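With mmCIF, C-alpha atoms inside, this is coords-v1.cif:
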data_model
loop_
_atom_site.group_PDB
_atom_site.id
_atom_site.type_symbol
_atom_site.label_atom_id
_atom_site.label_comp_id
_atom_site.auth_asym_id
_atom_site.auth_seq_id
_atom_site.Cartn_x
_atom_site.Cartn_y
_atom_site.Cartn_z
ATOM 1 C CA MET A 1 -74.586 -9.457 57.570
ATOM 2 C CA SER A 2 -76.784 -6.362 57.443
ATOM 3 C CA THR A 3 -80.384 -5.328 56.981
ATOM 4 C CA VAL A 4 -81.947 -2.118 55.702
ATOM 5 C CA THR A 5 -85.554 -1.062 55.107
ATOM 6 C CA LEU A 6 -86.200 0.662 51.781
ATOM 7 C CA GLY A 7 -89.644 1.412 50.400
ATOM 8 C CA GLY A 8 -91.305 -0.705 53.039
ATOM 9 C CA ILE A 9 -89.182 -3.796 52.314
ATOM 10 C CA THR A 10 -86.484 -4.946 54.736
ATOM 11 C CA PHE A 11 -83.537 -6.431 52.822
ATOM 12 C CA GLY A 12 -80.966 -8.799 54.259
ATOM 13 C CA TYR A 13 -77.641 -8.463 52.460
ATOM 14 C CA ASP A 14 -73.871 -8.854 52.573
ATOM 15 C CA ASP A 15 -71.552 -6.122 51.290
ATOM 16 C CA LEU A 16 -68.030 -7.432 51.652
ATOM 17 C CA GLY A 17 -64.547 -6.426 50.566
ATOM 18 C CA SER A 18 -63.419 -3.405 48.631
ATOM 19 C CA GLY A 19 -61.816 -2.678 45.301
ATOM 20 C CA GLU A 20 -62.376 -1.063 41.953
ATOM 21 C CA GLN A 21 -64.574 -3.919 40.728
ATOM 22 C CA THR A 22 -67.949 -4.678 42.267
ATOM 23 C CA LEU A 23 -69.547 -8.084 41.845
ATOM 24 C CA VAL A 24 -73.275 -8.444 42.577
ATOM 25 C CA LEU A 25 -74.687 -11.966 42.920
ATOM 26 C CA VAL A 26 -78.374 -12.956 42.747
ATOM 27 C CA HIS A 27 -79.535 -16.236 44.255
ATOM 28 C CA GLY A 28 -81.968 -18.719 42.765
ATOM 29 C CA HIS A 29 -85.192 -20.372 43.953
ATOM 30 C CA PRO A 30 -85.843 -21.481 46.636
ATOM 31 C CA PHE A 31 -82.548 -20.408 48.191
ATOM 32 C CA ASP A 32 -81.055 -17.358 49.878
ATOM 33 C CA ARG A 33 -77.847 -15.352 49.656
ATOM 34 C CA SER A 34 -75.902 -17.988 51.589
ATOM 35 C CA MET A 35 -75.738 -20.029 48.366
ATOM 36 C CA TRP A 36 -73.057 -17.538 47.277
ATOM 37 C CA ARG A 37 -70.932 -17.786 50.436
ATOM 38 C CA PRO A 38 -68.079 -19.667 48.684
ATOM 39 C CA GLN A 39 -67.959 -16.797 46.185
ATOM 40 C CA THR A 40 -68.566 -13.790 48.460
ATOM 41 C CA GLU A 41 -65.820 -14.829 50.861
ATOM 42 C CA HIS A 42 -63.372 -15.862 48.138
ATOM 43 C CA PHE A 43 -63.631 -12.692 46.078
ATOM 44 C CA ALA A 44 -63.910 -10.290 49.011
ATOM 45 C CA GLU A 45 -60.567 -11.634 50.226
ATOM 46 C CA ARG A 46 -59.011 -11.031 46.807
ATOM 47 C CA GLY A 47 -59.626 -7.365 46.193
ATOM 48 C CA PHE A 48 -63.225 -7.293 45.009
ATOM 49 C CA ARG A 49 -66.299 -5.703 46.505
ATOM 50 C CA VAL A 50 -69.043 -8.351 46.582
ATOM 51 C CA ILE A 51 -72.730 -7.717 47.266
ATOM 52 C CA ALA A 52 -75.285 -10.494 47.720
ATOM 53 C CA ALA A 53 -78.818 -9.925 49.011
ATOM 54 C CA ASP A 54 -81.786 -12.068 49.921
ATOM 55 C CA LEU A 55 -84.512 -11.577 47.356
ATOM 56 C CA ARG A 56 -87.979 -10.438 48.377
ATOM 57 C CA GLY A 57 -89.674 -13.420 50.035
ATOM 58 C CA TYR A 58 -86.470 -15.275 50.957
ATOM 59 C CA GLY A 59 -83.967 -15.314 53.804
ATOM 60 C CA GLU A 60 -83.985 -12.129 55.865
ATOM 61 C CA THR A 61 -85.906 -10.089 53.301
ATOM 62 C CA THR A 62 -89.598 -9.262 53.697
ATOM 63 C CA VAL A 63 -92.099 -11.839 52.488
ATOM 64 C CA VAL A 64 -94.788 -10.358 50.237
ATOM 65 C CA PRO A 65 -97.461 -12.988 49.431
ATOM 66 C CA GLY A 66 -99.197 -13.135 46.068
ATOM 67 C CA LYS A 67 -97.079 -12.854 42.937
ATOM 68 C CA THR A 68 -93.567 -11.429 42.550
ATOM 69 C CA LEU A 69 -92.578 -10.639 38.962
ATOM 70 C CA LEU A 70 -88.972 -10.703 37.789
ATOM 71 C CA SER A 71 -89.343 -6.977 37.144
ATOM 72 C CA THR A 72 -90.102 -6.443 40.834
ATOM 73 C CA PHE A 73 -87.007 -8.364 41.892
ATOM 74 C CA ALA A 74 -84.923 -6.267 39.486
ATOM 75 C CA LYS A 75 -86.306 -3.013 40.890
ATOM 76 C CA ASP A 76 -85.534 -4.232 44.425
ATOM 77 C CA ILE A 77 -81.930 -4.916 43.410
ATOM 78 C CA ALA A 78 -81.571 -1.470 41.866
ATOM 79 C CA THR A 79 -82.999 0.132 45.009
ATOM 80 C CA LEU A 80 -80.573 -1.705 47.281
ATOM 81 C CA LEU A 81 -77.569 -0.978 45.040
ATOM 82 C CA ASP A 82 -78.533 2.705 44.968
ATOM 83 C CA HIS A 83 -78.568 2.664 48.765
ATOM 84 C CA ARG A 84 -75.139 1.000 48.864
ATOM 85 C CA GLY A 85 -73.675 3.425 46.333
ATOM 86 C CA ALA A 86 -72.904 0.697 43.790
ATOM 87 C CA ASP A 87 -73.264 2.459 40.455
ATOM 88 C CA ARG A 88 -71.421 0.050 38.126
ATOM 89 C CA PHE A 89 -70.977 -3.665 38.647
ATOM 90 C CA VAL A 90 -70.657 -7.129 37.190
ATOM 91 C CA LEU A 91 -74.010 -8.833 37.750
ATOM 92 C CA GLY A 92 -74.369 -12.568 38.129
ATOM 93 C CA GLY A 93 -77.165 -14.970 38.945
ATOM 94 C CA LEU A 94 -78.024 -18.662 38.994
ATOM 95 C CA SER A 95 -81.272 -20.210 37.744
ATOM 96 C CA MET A 96 -84.079 -17.768 38.630
ATOM 97 C CA GLY A 97 -81.283 -15.417 39.664
ATOM 98 C CA GLY A 98 -79.955 -15.543 36.111
ATOM 99 C CA GLN A 99 -83.364 -14.588 34.755
ATOM 100 C CA ILE A 100 -83.479 -11.694 37.219
ATOM 101 C CA VAL A 101 -80.040 -10.647 35.937
ATOM 102 C CA MET A 102 -81.417 -10.572 32.399
ATOM 103 C CA GLU A 103 -84.371 -8.492 33.587
ATOM 104 C CA CYS A 104 -81.936 -6.116 35.312
ATOM 105 C CA HIS A 105 -80.102 -5.741 32.020
ATOM 106 C CA ARG A 106 -83.401 -4.917 30.350
ATOM 107 C CA GLN A 107 -84.099 -2.224 32.953
ATOM 108 C CA PHE A 108 -80.660 -0.661 33.547
ATOM 109 C CA PRO A 109 -78.010 -1.950 31.107
ATOM 110 C CA GLU A 110 -75.886 1.192 31.537
ATOM 111 C CA ARG A 111 -74.936 0.119 35.076
ATOM 112 C CA ILE A 112 -73.746 -3.370 34.163
ATOM 113 C CA THR A 113 -70.134 -4.054 33.129
ATOM 114 C CA GLY A 114 -70.487 -7.803 32.705
ATOM 115 C CA LEU A 115 -73.055 -10.608 32.988
ATOM 116 C CA VAL A 116 -72.717 -14.012 34.655
ATOM 117 C CA LEU A 117 -75.513 -16.425 33.717
ATOM 118 C CA ALA A 118 -75.267 -19.732 35.564
ATOM 119 C CA ASP A 119 -77.591 -22.695 35.032
ATOM 120 C CA THR A 120 -80.420 -20.594 33.679
ATOM 121 C CA THR A 121 -82.490 -20.113 30.548
ATOM 122 C CA ALA A 122 -83.442 -17.042 28.539
ATOM 123 C CA GLU A 123 -86.614 -18.380 26.937
ATOM 124 C CA ALA A 124 -90.129 -17.479 28.043
ATOM 125 C CA GLU A 125 -92.082 -20.032 30.033
ATOM 126 C CA THR A 126 -94.157 -22.538 28.060
ATOM 127 C CA GLY A 127 -97.851 -23.137 28.592
ATOM 128 C CA ASP A 128 -97.118 -26.406 30.394
ATOM 129 C CA GLY A 129 -94.461 -24.659 32.442
ATOM 130 C CA ARG A 130 -96.899 -21.972 33.560
ATOM 131 C CA ARG A 131 -99.392 -24.585 34.678
ATOM 132 C CA ASN A 132 -96.713 -26.572 36.488
ATOM 133 C CA ARG A 133 -95.476 -23.489 38.338
ATOM 134 C CA ALA A 134 -99.003 -22.585 39.411
ATOM 135 C CA GLU A 135 -99.555 -26.125 40.679
ATOM 136 C CA MET A 136 -96.231 -26.089 42.520
ATOM 137 C CA ALA A 137 -97.020 -22.724 44.126
ATOM 138 C CA ALA A 138 -100.305 -24.121 45.430
ATOM 139 C CA ARG A 139 -98.504 -27.228 46.680
ATOM 140 C CA LEU A 140 -95.915 -25.205 48.611
ATOM 141 C CA LEU A 141 -98.663 -23.198 50.299
ATOM 142 C CA ARG A 142 -100.533 -26.388 51.120
ATOM 143 C CA GLU A 143 -97.673 -28.698 52.183
ATOM 144 C CA GLY A 144 -94.803 -26.418 53.138
ATOM 145 C CA MET A 145 -91.274 -26.732 51.754
ATOM 146 C CA ARG A 146 -90.099 -30.136 53.022
ATOM 147 C CA PRO A 147 -91.849 -32.542 50.593
ATOM 148 C CA TYR A 148 -90.720 -30.475 47.608
ATOM 149 C CA ALA A 149 -87.195 -30.022 48.962
ATOM 150 C CA GLU A 150 -86.666 -33.722 49.583
ATOM 151 C CA GLU A 151 -88.098 -34.557 46.158
ATOM 152 C CA VAL A 152 -85.789 -32.268 44.152
ATOM 153 C CA LEU A 153 -82.616 -32.255 46.258
ATOM 154 C CA TRP A 154 -80.657 -34.669 44.071
ATOM 155 C CA LYS A 155 -81.630 -32.745 40.964
ATOM 156 C CA MET A 156 -80.168 -29.600 42.509
ATOM 157 C CA VAL A 157 -76.866 -31.337 43.279
ATOM 158 C CA ALA A 158 -75.326 -34.403 41.683
ATOM 159 C CA GLU A 159 -73.476 -36.160 44.474
ATOM 160 C CA ASP A 160 -71.700 -33.732 46.811
ATOM 161 C CA GLU A 161 -72.993 -34.414 50.347
ATOM 162 C CA ALA A 162 -71.826 -31.114 51.849
ATOM 163 C CA ALA A 163 -73.426 -29.150 49.029
ATOM 164 C CA ALA A 164 -76.609 -31.205 49.408
ATOM 165 C CA GLU A 165 -76.811 -30.394 53.123
ATOM 166 C CA HIS A 166 -76.410 -26.671 52.396
ATOM 167 C CA VAL A 167 -79.022 -26.728 49.639
ATOM 168 C CA LEU A 168 -81.503 -28.662 51.792
ATOM 169 C CA ARG A 169 -81.098 -26.179 54.660
ATOM 170 C CA MET A 170 -81.815 -23.273 52.340
ATOM 171 C CA MET A 171 -84.878 -24.899 50.815
ATOM 172 C CA LEU A 172 -86.360 -25.852 54.189
ATOM 173 C CA ALA A 173 -85.783 -22.312 55.477
ATOM 174 C CA ALA A 174 -87.511 -20.657 52.511
ATOM 175 C CA PRO A 175 -90.913 -19.148 53.426
ATOM 176 C CA PRO A 176 -93.573 -20.976 51.364
ATOM 177 C CA GLU A 177 -95.419 -17.707 50.673
ATOM 178 C CA GLY A 178 -92.302 -16.091 49.225
ATOM 179 C CA ALA A 179 -91.364 -19.137 47.159
ATOM 180 C CA ALA A 180 -94.916 -19.457 45.805
ATOM 181 C CA ALA A 181 -95.038 -15.762 44.881
ATOM 182 C CA ALA A 182 -91.783 -16.113 42.959
ATOM 183 C CA LEU A 183 -93.026 -19.191 41.105
ATOM 184 C CA LEU A 184 -96.181 -17.386 39.990
ATOM 185 C CA GLY A 185 -94.209 -14.369 38.841
ATOM 186 C CA ARG A 186 -91.577 -16.421 37.083
ATOM 187 C CA ALA A 187 -94.301 -18.179 35.110
ATOM 188 C CA GLU A 188 -94.973 -14.837 33.410
ATOM 189 C CA ARG A 189 -91.370 -14.107 32.488
ATOM 190 C CA PRO A 190 -90.727 -12.656 29.036
ATOM 191 C CA ASP A 191 -88.396 -14.079 26.408
ATOM 192 C CA TYR A 192 -84.919 -12.585 26.788
ATOM 193 C CA LEU A 193 -83.309 -14.234 23.740
ATOM 194 C CA ASP A 194 -83.648 -11.220 21.451
ATOM 195 C CA MET A 195 -82.286 -8.937 24.153
ATOM 196 C CA LEU A 196 -79.178 -11.118 24.532
ATOM 197 C CA GLY A 197 -78.195 -10.245 20.989
ATOM 198 C CA ARG A 198 -78.010 -6.585 22.012
ATOM 199 C CA VAL A 199 -75.878 -7.069 25.120
ATOM 200 C CA ALA A 200 -72.847 -4.802 24.750
ATOM 201 C CA VAL A 201 -70.776 -6.159 27.671
ATOM 202 C CA PRO A 202 -68.895 -9.448 28.107
ATOM 203 C CA ALA A 203 -70.793 -12.415 29.492
ATOM 204 C CA LEU A 204 -69.868 -15.653 31.229
ATOM 205 C CA VAL A 205 -72.269 -18.578 30.778
ATOM 206 C CA VAL A 206 -71.832 -21.511 33.175
ATOM 207 C CA VAL A 207 -73.679 -24.832 33.302
ATOM 208 C CA GLY A 208 -73.239 -28.195 34.996
ATOM 209 C CA THR A 209 -73.122 -31.305 32.842
ATOM 210 C CA GLU A 210 -75.709 -33.032 35.043
ATOM 211 C CA ASP A 211 -78.197 -30.159 35.195
ATOM 212 C CA GLU A 212 -81.686 -31.459 34.394
ATOM 213 C CA TYR A 213 -83.434 -28.125 34.948
ATOM 214 C CA THR A 214 -81.371 -25.985 32.578
ATOM 215 C CA PRO A 215 -79.338 -28.351 30.389
ATOM 216 C CA ILE A 216 -76.254 -27.583 28.337
ATOM 217 C CA SER A 217 -78.436 -26.864 25.292
ATOM 218 C CA ASP A 218 -79.967 -23.876 27.116
ATOM 219 C CA ALA A 219 -76.509 -22.566 27.971
ATOM 220 C CA ARG A 220 -75.292 -22.997 24.397
ATOM 221 C CA LEU A 221 -78.311 -21.097 23.077
ATOM 222 C CA MET A 222 -77.518 -18.123 25.313
ATOM 223 C CA HIS A 223 -73.826 -18.356 24.451
ATOM 224 C CA ASP A 224 -74.661 -18.301 20.739
ATOM 225 C CA ARG A 225 -76.954 -15.286 21.072
ATOM 226 C CA LEU A 226 -74.589 -13.181 23.188
ATOM 227 C CA PRO A 227 -72.133 -11.159 21.055
ATOM 228 C CA ASP A 228 -69.216 -11.570 23.488
ATOM 229 C CA SER A 229 -69.501 -14.588 25.763
ATOM 230 C CA THR A 230 -67.500 -17.427 27.274
ATOM 231 C CA LEU A 231 -69.137 -20.790 27.910
ATOM 232 C CA VAL A 232 -67.882 -22.921 30.811
ATOM 233 C CA VAL A 233 -69.277 -26.437 31.223
ATOM 234 C CA VAL A 234 -68.631 -27.844 34.708
ATOM 235 C CA GLU A 235 -68.165 -31.604 34.675
ATOM 236 C CA GLY A 236 -70.048 -33.598 37.293
ATOM 237 C CA ALA A 237 -72.133 -30.695 38.591
ATOM 238 C CA ALA A 238 -75.906 -30.468 38.479
ATOM 239 C CA HIS A 239 -77.850 -27.228 39.069
ATOM 240 C CA MET A 240 -75.490 -25.699 41.655
ATOM 241 C CA PRO A 241 -71.931 -25.743 40.258
ATOM 242 C CA ASN A 242 -70.882 -22.846 42.485
ATOM 243 C CA LEU A 243 -71.419 -25.153 45.500
ATOM 244 C CA GLU A 244 -70.566 -28.534 43.967
ATOM 245 C CA ARG A 245 -67.436 -27.507 42.071
ATOM 246 C CA THR A 246 -66.456 -24.335 43.875
ATOM 247 C CA GLU A 247 -62.818 -24.262 42.794
ATOM 248 C CA GLU A 248 -63.675 -24.601 39.114
ATOM 249 C CA PHE A 249 -66.544 -22.112 39.323
ATOM 250 C CA ASN A 250 -64.459 -19.531 41.177
ATOM 251 C CA GLY A 251 -61.577 -20.006 38.760
ATOM 252 C CA ALA A 252 -63.793 -19.336 35.749
ATOM 253 C CA LEU A 253 -65.360 -16.313 37.431
ATOM 254 C CA HIS A 254 -61.979 -14.910 38.465
ATOM 255 C CA THR A 255 -60.667 -15.228 34.913
ATOM 256 C CA PHE A 256 -63.779 -13.450 33.641
ATOM 257 C CA LEU A 257 -63.475 -10.592 36.150
ATOM 258 C CA ASP A 258 -59.783 -10.182 35.331
ATOM 259 C CA SER A 259 -60.618 -9.952 31.629
ATOM 260 C CA ILE A 260 -63.114 -7.163 32.298
ATOM 261 C CA ALA A 261 -60.557 -5.291 34.392
ATOM 262 C CA ALA A 262 -57.973 -5.625 31.610
ATOM 263 C CA ARG A 263 -60.393 -4.123 29.090
ATOM 264 C CA THR A 264 -61.094 -1.208 31.422
ATOM 265 C CA GLU A 265 -57.391 -0.452 31.806
ATOM 266 C CA ARG A 266 -56.808 -0.136 28.065
#
Could you write out this structure as structure tokens?
Amino acid sequence: MSTVTLGGITFGYDDLGSGEQTLVLVHGHPFDRSMWRPQTEHFAERGFRVIAADLRGYGETTVVPGKTLLSTFAKDIATLLDHRGADRFVLGGLSMGGQIVMECHRQFPERITGLVLADTTAEAETGDGRRNRAEMAARLLREGMRPYAEEVLWKMVAEDEAAAEHVLRMMLAAPPEGAAAALLGRAERPDYLDMLGRVAVPALVVVGTEDEYTPISDARLMHDRLPDSTLVVVEGAAHMPNLERTEEFNGALHTFLDSIAARTER
């Protein structure tokens, strides 16, 4: 666990392991980098360099009230990876993290060797969605995180008690100002569907069968648009398959990383 201050923002991050392949993982809302612990530890022990950071407004990273656009998150990631000397990497994210990954690809595709899009959607927010996010942001600032966290917990996870405890801890620890700023920024996200058709690197799309937030239809749409993608549907998982079905998630990710390495060696 490390921190560094860059451009006035203090970032909390993990940079573990070593190897020719670097895997960068971006957490979702309202979580922190600990959601990736089953992946950072697993892959760091198996010859990969793995970097996971707390996004602006979450975990150990500086909270900036107001509105945080996906483009700002992407620039933060680029700044941190520059500092860590990570020039080329596989980039993965879940939910909001997946949308940030797509924004990163829009900003610096030449640095990315593969995409992992887990339980996310590439479409722009709807009018109703924008209003709902604005209302939720106001609610978090007014009530704090607990009422929201307890309300949505069993949509985040299907039935795994240990995963539920981890997810609840992350949500309760999230600063309301940071979470609200992300919601307001995410409401203004662009449509990434057209961009997916121009992605020139392999992609892995993962979704849980019980995910109510980003259902299988969203994953299939991204899979269909991406020129070179693999779709993995995780049975029995809701919005957090990396925590609920860790062995299956890690297996799919390992196979994907190995396939990228094999292409590089040709």
Suppose a student applies the PyMOL selection byres ((chain A and resi 68) around 8) to this structure; what residues should they get, written as an MDAnalysis selection string? chainID A and resid 64 66:67 69:70 72:73 181:186
Take the residues just selected and output them with C-alpha atoms as an mmCIF file, keeping the file's coordinate frame.
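Output contents, as saved in part_21.cif:
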data_model
loop_
_atom_site.group_PDB
_atom_site.id
_atom_site.type_symbol
_atom_site.label_atom_id
_atom_site.label_comp_id
_atom_site.auth_asym_id
_atom_site.auth_seq_id
_atom_site.Cartn_x
_atom_site.Cartn_y
_atom_site.Cartn_z
ATOM 1 C CA VAL A 64 -94.788 -10.358 50.237
ATOM 2 C CA GLY A 66 -99.197 -13.135 46.068
ATOM 3 C CA LYS A 67 -97.079 -12.854 42.937
ATOM 4 C CA LEU A 69 -92.578 -10.639 38.962
ATOM 5 C CA LEU A 70 -88.972 -10.703 37.789
ATOM 6 C CA THR A 72 -90.102 -6.443 40.834
ATOM 7 C CA PHE A 73 -87.007 -8.364 41.892
ATOM 8 C CA ALA A 181 -95.038 -15.762 44.881
ATOM 9 C CA ALA A 182 -91.783 -16.113 42.959
ATOM 10 C CA LEU A 183 -93.026 -19.191 41.105
ATOM 11 C CA LEU A 184 -96.181 -17.386 39.990
ATOM 12 C CA GLY A 185 -94.209 -14.369 38.841
ATOM 13 C CA ARG A 186 -91.577 -16.421 37.083
#
Tell me, in Å to one decimal, how far atom CA of Leu91 of chain A is from atom CA of Glu159 of chain A.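 That distance, rounded to one decimal, is 28.1 Å.
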For a test of reading the model, state the distance in Å between atom CA of Glu20 of chain A and atom CA of Leu115 of chain A, rounded to one decimal. 16.9 Å
Using only C-alpha atoms, which residue out of A:Ile51, A:Val4, A:Val234, A:Met35 lies closest to Arg169 of chain A?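 Looking only at the distances to Arg169 of chain A, the closest residue turns out to be A:Met35.
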From A:Pro175, A:Gly28, A:Pro38, A:Pro109, residue lying nearest Gly97 of chain A [only C-alpha atoms]: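 Looking only at the distances to Gly97 of chain A, the closest residue turns out to be A:Gly28.
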Selection: 12 Å around Arg245 of chain A, only C-alpha atoms, excl. self and same-chain fewer than 2 positions, as number ranges by chain: A: 38-39, 157-160, 162-163, 206-209, 233-243, 247-252
Might you spell out which residues the PyMOL selection byres ((chain A and resi 139-149) around 9) would select in the displayed file, as a list in words? Pro30, Ala134, Glu135, Met136, Ala137, Ala138, Glu150, Glu151, Val152, Leu153, Val167, Leu168, Met171, Leu172, Ala173, Ala174, Pro175, Pro176, Glu177, Ala179 and Ala180 of chain A
Ranking A:Glu41, A:Glu125, A:Asp218, A:Glu165 by minimum distance to Thr246 of chain A and counting only C-alpha atoms, which one comes first? A:Glu41
Please define a box with edges along x, y and z of the file around all atoms of segment 65-75 of chain A given in the file, extend it by 6 Å on each side, and return its centre and edge lengths in Å to one decimal, as lines of an AutoDock Vina configuration file.
center_x = -92.1
center_y = -8.1
center_z = 43.3
size_x = 26.3
size_y = 22.1
size_z = 24.3
Rounded to one decimal place, report the atom CA of Ala203 of chain A-atom CA of Glu110 of chain A distance in Å.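 Interatomic distance here is 14.7 Å.
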If you apply the PyMOL selection byres ((chain A and resi 58) around 9) to this file, what residues do you get, as a list in words?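 Selected by the PyMOL selection byres ((chain A and resi 58) around 9) here: His29, Pro30, Phe31, Asp32, Arg33, Asp54, Leu55, Arg56, Gly57, Gly59, Glu60, Thr61, Thr62, Val63, Ala173, Ala174, Pro175, Gly178 and Ala179 of chain A.
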Can I get segment 55-79 of chain A with N, CA and C atoms filled in, as a short mmCIF file (atom, residue, chain, number, x, y, z; two decimals), in the coordinates of the input?
data_model
loop_
_atom_site.label_atom_id
_atom_site.label_comp_id
_atom_site.auth_asym_id
_atom_site.auth_seq_id
_atom_site.Cartn_x
_atom_site.Cartn_y
_atom_site.Cartn_z
N LEU A 55 -83.41 -12.10 48.15
CA LEU A 55 -84.51 -11.58 47.36
C LEU A 55 -85.78 -11.44 48.20
N ARG A 56 -86.66 -10.59 47.74
CA ARG A 56 -87.98 -10.44 48.38
C ARG A 56 -88.62 -11.82 48.53
N GLY A 57 -89.02 -12.14 49.79
CA GLY A 57 -89.67 -13.42 50.04
C GLY A 57 -88.75 -14.52 50.49
N TYR A 58 -87.45 -14.26 50.59
CA TYR A 58 -86.47 -15.28 50.96
C TYR A 58 -85.54 -14.75 52.05
N GLY A 59 -84.99 -15.68 52.83
CA GLY A 59 -83.97 -15.31 53.80
C GLY A 59 -84.46 -14.26 54.78
N GLU A 60 -83.66 -13.20 54.93
CA GLU A 60 -83.98 -12.13 55.86
C GLU A 60 -84.80 -11.00 55.24
N THR A 61 -85.18 -11.15 53.99
CA THR A 61 -85.91 -10.09 53.30
C THR A 61 -87.42 -10.32 53.43
N THR A 62 -88.16 -9.23 53.46
CA THR A 62 -89.60 -9.26 53.70
C THR A 62 -90.32 -10.20 52.74
N VAL A 63 -91.24 -10.98 53.29
CA VAL A 63 -92.10 -11.84 52.49
C VAL A 63 -93.34 -11.05 52.07
N VAL A 64 -93.59 -11.01 50.77
CA VAL A 64 -94.79 -10.36 50.24
C VAL A 64 -95.60 -11.42 49.50
N PRO A 65 -96.68 -11.93 50.08
CA PRO A 65 -97.46 -12.99 49.43
C PRO A 65 -98.08 -12.50 48.12
N GLY A 66 -98.52 -13.46 47.33
CA GLY A 66 -99.20 -13.14 46.07
C GLY A 66 -98.38 -13.55 44.88
N LYS A 67 -97.86 -12.58 44.15
CA LYS A 67 -97.08 -12.85 42.94
C LYS A 67 -95.95 -11.83 42.86
N THR A 68 -94.73 -12.32 42.68
CA THR A 68 -93.57 -11.43 42.55
C THR A 68 -92.97 -11.60 41.16
N LEU A 69 -93.11 -10.59 40.32
CA LEU A 69 -92.58 -10.64 38.96
C LEU A 69 -91.07 -10.45 38.97
N LEU A 70 -90.41 -10.93 37.93
CA LEU A 70 -88.97 -10.70 37.79
C LEU A 70 -88.67 -9.21 37.77
N SER A 71 -89.56 -8.42 37.20
CA SER A 71 -89.34 -6.98 37.14
C SER A 71 -89.32 -6.37 38.54
N THR A 72 -90.10 -6.93 39.46
CA THR A 72 -90.10 -6.44 40.83
C THR A 72 -88.79 -6.78 41.52
N PHE A 73 -88.31 -8.00 41.34
CA PHE A 73 -87.01 -8.36 41.89
C PHE A 73 -85.92 -7.42 41.38
N ALA A 74 -85.94 -7.13 40.08
CA ALA A 74 -84.92 -6.27 39.49
C ALA A 74 -84.97 -4.87 40.09
N LYS A 75 -86.17 -4.34 40.29
CA LYS A 75 -86.31 -3.01 40.89
C LYS A 75 -85.80 -3.02 42.32
N ASP A 76 -86.06 -4.11 43.06
CA ASP A 76 -85.53 -4.23 44.42
C ASP A 76 -84.01 -4.18 44.42
N ILE A 77 -83.39 -4.89 43.49
CA ILE A 77 -81.93 -4.92 43.41
C ILE A 77 -81.39 -3.52 43.12
N ALA A 78 -82.01 -2.83 42.18
CA ALA A 78 -81.57 -1.47 41.87
C ALA A 78 -81.70 -0.56 43.08
N THR A 79 -82.78 -0.70 43.82
CA THR A 79 -83.00 0.13 45.01
C THR A 79 -81.92 -0.12 46.05
#
